[in-house]
Every structure is written in structure tokens, then in C-alpha cells.
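Since the structure comes first, as C-alpha cells, the remarks are kept for the end.
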Amino acid sequence: MALMHEPTAPNHSAQDALRVLESVARHSAGVTDTELARSTGLGSERLTALLRMLRREGYVEQITDGAYVTGDTLRRLTSAHDHERALRDQLQHTLDRLRDSVGAAVYMSRYVDGEVKVTQYAAGPTTPAVNEWVDFRYSAHATAVGKSLLTQLDHNARRDHLSRHKMARLTSRTITSDKLLLSRLESQPPTVPVLDLQEYAVGTVCAAVPITAGSAVGCLALSLPVEHAHRLKRAAETLNRNAAPVLLSLTI
């Protein structure tokens with residue numbers, strides 16, 4: 001399976017955050033923001049925003065003299081002991097925070113062994129998860145999650161997926177023409193969220209943004225009741241802007 005990767009804003013943020021973490025880790029006694037700026041080459045405003053995010057997610061801590069040291073999150077994720085559980089816990093923490101900041105149910109999905117898989121999600125009483133009335137593995141053509149994952153594959157891998165899963169009409173808005181769907185996937189800019197406007201389920205709208213770490217294909221998505229459709233674009237932009245912590249967790 002070939003992938004079609006283009007850098008997105010979260011990718012750049014995660015890469016810059018890794019540079020900061022590497023610099024912090026080299027200074028066990030602590031390192032100041034001035035020293036970090038010098039060692040990473042990052043501007044003051046950019047560095048301040050990254051340090052704020054890294055502190056919020058527990059990757060770095062500030063000690064009494066204001067210097068930065070590695071935090072509990074980084075120590076857990078870089079420990080050989082139970083890395084998978086530490087990663088899952090950290091991703092859930094981040095998804096819960098994203099759910100609250102965008103005011104919508106949030107999902108983490110991966111493309112694993114040729115199938116769409118929702119690996120984790122965060123929902124709540126006021127941010128209900130979408131009702132999976134048709135298995136997400138068989139409805140990639142109709143969901144924001146599925147379409148976002150398919151956009152990250154090459155043309156042959158997309159055709160292979162569609163050849164294995166019949167494009168059923170789930171609502172009156174569902175695309176059932178593989179030619180039309182492939183054309184739309186081909187023209188989808190990687191930095192623009194993929195949308196599902198009641199294509200999977202009547203009464204629900206969704207958006208998804210790519211999360212690609214190494215050779216793994218993934219995405220972050222959100223769902224809203226259709227009466228909140230006017231919030232979808234802004235919520236998707238917020239999700240995209242705040243996706244870097246997820247990428248960072250997957251990269252470490």
C-alpha cells in the first residue's frame with residue numbers, strides 16, 4: 001500500500017515540539033526558554049505556544065527557577081514498560097480535552113490491514129457519539145473518517161478498498177459512484193477537513209482531518225447533530241489546529 005503524505009500544520013507543530021523535547025531531554029538539570037530558542041531556532045512566539053501545549057499535556061514541567069525539565073507524560077511514553085497502555089491513556093486524555101474544546105464527540109481512527117478502524121473516541125451527555133448503524137469498516141465511502149483515510153492512500157489502494165466494499169446508499173446524499181468518489185478524493189486538499197453532510201446518517205454531520213505518523217495512516221474526526229451544522233467548519237478548524245498533541249503521542 002502506497003501512501004500520499006503531504007505536510008499539514010499539525011505535522012509541522014509536532015515536529016517542532018519534538019525538537020523542543022529533545023533539547024529539554026538533553027538538559028537533565030533544566031533548560032531556560034532562552035536556551036531553548038537558541039538550540040531549536042524557533043521564534044519566541046512559536047516557542048511560547050509550543051511550551052504551553054507541552055506543559056498542558058504533561059510533556060515538560062517548569063521547576064522553581066523557571067527552567068524546563070521533562071514531565072511525567074514523556075517519561076511514561078518513553079518507558080519500555082507498558083508503552084501501549086501509556087499511549088492509549090495519553091491519547092484518551094487528549095481526546096477528552098479536544099471534545100470539550102470543540103464541543104463535539106471526537107474520534108481517533110486508523111487504516112489497519114486494509115480496513116477502517118475507530119480506535120478511540122471521546123463523547124459525553126452533551127456531545128453524543130454517532131450511532132454506528134452500519135459498520136464503519138463497510139461505509140468508508142460515506143463517512144468523513146473513511147474518506148479522510150482513503151485520501152491518504154494512493155489511487156490503486158483506494159480502488160482496492162472500494163473493490164472490497166460495495167458502496168451502498170445509506171442516505172439520499174451518499175455517493176455510490178466509485179468514479180465520482182475517486183475524483184473527489186483525488187482533488188481533496190490535505191489541509192482541508194473532509195466532510196460528511198448526512199451521507200452516513202440522516203441527522204448527523206461530521207468532519208475529519210489527517211493524522212499521519214510515519215507509515216501509519218490515521219485521522220481525527222468529530223460529529224455533530226445536524227441542527228449544529230453551522231458549527232461544523234469552525235469546529236473542524238479547531239480540531240485541526242489542536243491535533244499536534246495526538247501526533248506527538250503517536251510519534252514518541
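The chains in the C-alpha cells are called A, B, ... from first to last as shown; in each chain the residues are counted from 1, and the ligands are counted from 1 in the order shown.
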Residues flagged alpha helix (DSSP H) by DSSP in region 26-96 of chain A, as a ChimeraX atom specification: /A:33-40,44-56,72-77,83-96
Taking a cut-off of 8 Å and counting only C-alpha atoms, can you build a table that, for each residue of region 51-145 of chain A near region 17-37 of chain A, reports the nearest atom pair and how far apart they are in Å (one decimal), sorted by chain then residue number, as a Markdown table?
| residue | atom | partner | partner_atom | distance |
| --- | --- | --- | --- | --- |
| A:Leu54 | CA | A:Ala17 | CA | 7.6 |
| A:Tyr59 | CA | A:Leu21 | CA | 7.7 |
| A:Val60 | CA | A:Leu21 | CA | 7.7 |
| A:Ile63 | CA | A:Gly30 | CA | 7.7 |
| A:Gly66 | CA | A:Thr32 | CA | 6.9 |
| A:Ala67 | CA | A:Thr32 | CA | 4.5 |
| A:Tyr68 | CA | A:Gly30 | CA | 5.0 |
| A:Val69 | CA | A:Gly30 | CA | 4.9 |
| A:Thr70 | CA | A:Ala25 | CA | 6.1 |
Proximity to Ser183 (chain A) - best of A:His83, A:His155, A:Arg169, A:Arg164, only C-alpha atoms: A:His155
Test item: residues at most 8 Å from Ala14 (chain A), only C-alpha atoms, excluding those fewer than 2 positions along its chain, as a ChimeraX atom specification: /A:10-12,16-18,244-245,247-248
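Between CA of Arg241 (chain A) and CA of Arg46 (chain A) the interatomic distance comes to 13.7 Å.
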Which residues come within 9 Å of Ser172 (chain A), counting only C-alpha atoms, excluding same-chain residues fewer than 3 positions away, as an mmCIF file with all heavy atoms, in the first residue's frame?
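Final output, result-v3.cif:
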data_model
loop_
_atom_site.group_PDB
_atom_site.id
_atom_site.type_symbol
_atom_site.label_atom_id
_atom_site.label_comp_id
_atom_site.auth_asym_id
_atom_site.auth_seq_id
_atom_site.Cartn_x
_atom_site.Cartn_y
_atom_site.Cartn_z
ATOM 1 N N ARG A 169 -25.986 2.764 -0.727
ATOM 2 C CA ARG A 169 -26.634 4.059 -0.497
ATOM 3 C C ARG A 169 -27.236 4.059 0.903
ATOM 4 O O ARG A 169 -28.210 3.361 1.174
ATOM 5 C CB ARG A 169 -27.728 4.314 -1.536
ATOM 6 C CG ARG A 169 -28.372 5.695 -1.402
ATOM 7 C CD ARG A 169 -29.371 5.957 -2.506
ATOM 8 N NE ARG A 169 -28.772 5.965 -3.822
ATOM 9 C CZ ARG A 169 -28.060 6.966 -4.340
ATOM 10 N NH1 ARG A 169 -27.881 8.074 -3.632
ATOM 11 N NH2 ARG A 169 -27.550 6.883 -5.547
ATOM 12 N N ILE A 175 -22.700 9.137 -1.800
ATOM 13 C CA ILE A 175 -22.099 8.915 -3.121
ATOM 14 C C ILE A 175 -21.957 7.411 -3.332
ATOM 15 O O ILE A 175 -21.358 6.715 -2.509
ATOM 16 C CB ILE A 175 -20.707 9.583 -3.213
ATOM 17 C CG1 ILE A 175 -20.830 11.103 -3.079
ATOM 18 C CG2 ILE A 175 -20.008 9.217 -4.518
ATOM 19 C CD1 ILE A 175 -19.492 11.822 -3.004
ATOM 20 N N GLN A 198 -24.536 14.430 6.272
ATOM 21 C CA GLN A 198 -25.648 13.476 6.291
ATOM 22 C C GLN A 198 -25.508 12.419 5.198
ATOM 23 O O GLN A 198 -26.504 11.925 4.675
ATOM 24 C CB GLN A 198 -26.993 14.200 6.159
ATOM 25 C CG GLN A 198 -27.269 15.191 7.271
ATOM 26 C CD GLN A 198 -28.692 15.706 7.236
ATOM 27 O OE1 GLN A 198 -29.594 15.112 7.827
ATOM 28 N NE2 GLN A 198 -28.907 16.806 6.540
ATOM 29 N N GLU A 199 -24.279 12.036 4.858
ATOM 30 C CA GLU A 199 -24.047 10.969 3.879
ATOM 31 C C GLU A 199 -24.086 9.596 4.533
ATOM 32 O O GLU A 199 -24.447 8.603 3.902
ATOM 33 C CB GLU A 199 -22.697 11.173 3.190
ATOM 34 C CG GLU A 199 -22.629 12.439 2.342
ATOM 35 C CD GLU A 199 -21.200 12.785 1.955
ATOM 36 O OE1 GLU A 199 -20.529 11.923 1.356
ATOM 37 O OE2 GLU A 199 -20.748 13.905 2.263
ATOM 38 N N VAL A 202 -28.769 10.241 8.455
ATOM 39 C CA VAL A 202 -29.623 11.421 8.477
ATOM 40 C C VAL A 202 -29.602 11.993 9.893
ATOM 41 O O VAL A 202 -29.724 11.265 10.879
ATOM 42 C CB VAL A 202 -31.062 11.060 8.071
ATOM 43 C CG1 VAL A 202 -31.980 12.261 8.236
ATOM 44 C CG2 VAL A 202 -31.096 10.563 6.635
#
Pick from A:Thr126, A:Gln120, A:Thr171, A:Thr212 nearest to Gln92 (chain A), counting only C-alpha atoms: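 Ranked by minimum distance to Gln92 (chain A), first place goes to A:Gln120.
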CA of Asp135 (chain A) to CA of Asp154 (chain A), distance in Å rounded to a single decimal: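 Atom-to-atom, CA of Asp135 (chain A) to CA of Asp154 (chain A), that is 23.5 Å.
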Nearest residue to Asp196 (chain A) from the set A:Arg52, A:Lys233, A:His165, A:Arg97 (distances using only C-alpha atoms):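 Nearest to Asp196 (chain A): A:Lys233.
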Neighbour list for Ala235 (chain A) as number ranges by chain, cut-off 9 Å, only C-alpha atoms, skip fewer than 3 positions in-chain: A: 101-104, 207, 222, 231-232, 238-240
Members of region 56-176 of chain A assigned strand (DSSP E or B) by DSSP, as a PyMOL selection string: chain A and resi 60-62+68-70+105-112+115-122+124+127+153
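You will find CA of Leu51 (chain A) at 13.9 Å from CA of Asn242 (chain A).
For region 141-145 of chain A, the non-local neighbours within 6 Å, defined as residues at least 3 positions apart in the same chain or in other chains and counting only C-alpha atoms, are A:Ser148, A:Thr174, A:Val194, A:Leu195, A:Asp196, A:Glu199, A:Tyr200, A:Cys206, A:Ala207, A:Ala208.
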Exercise: Glu115 (chain A) partners within 10 Å, only C-alpha atoms, chain neighbours under 6 positions left out, as a ChimeraX atom specification: /A:136-138,140,146,149,161,164-165
Residue among A:Ser163, A:Ser187, A:Thr64, A:Thr251 lying closest to Gln15 (chain A), counting only C-alpha atoms: A:Thr251
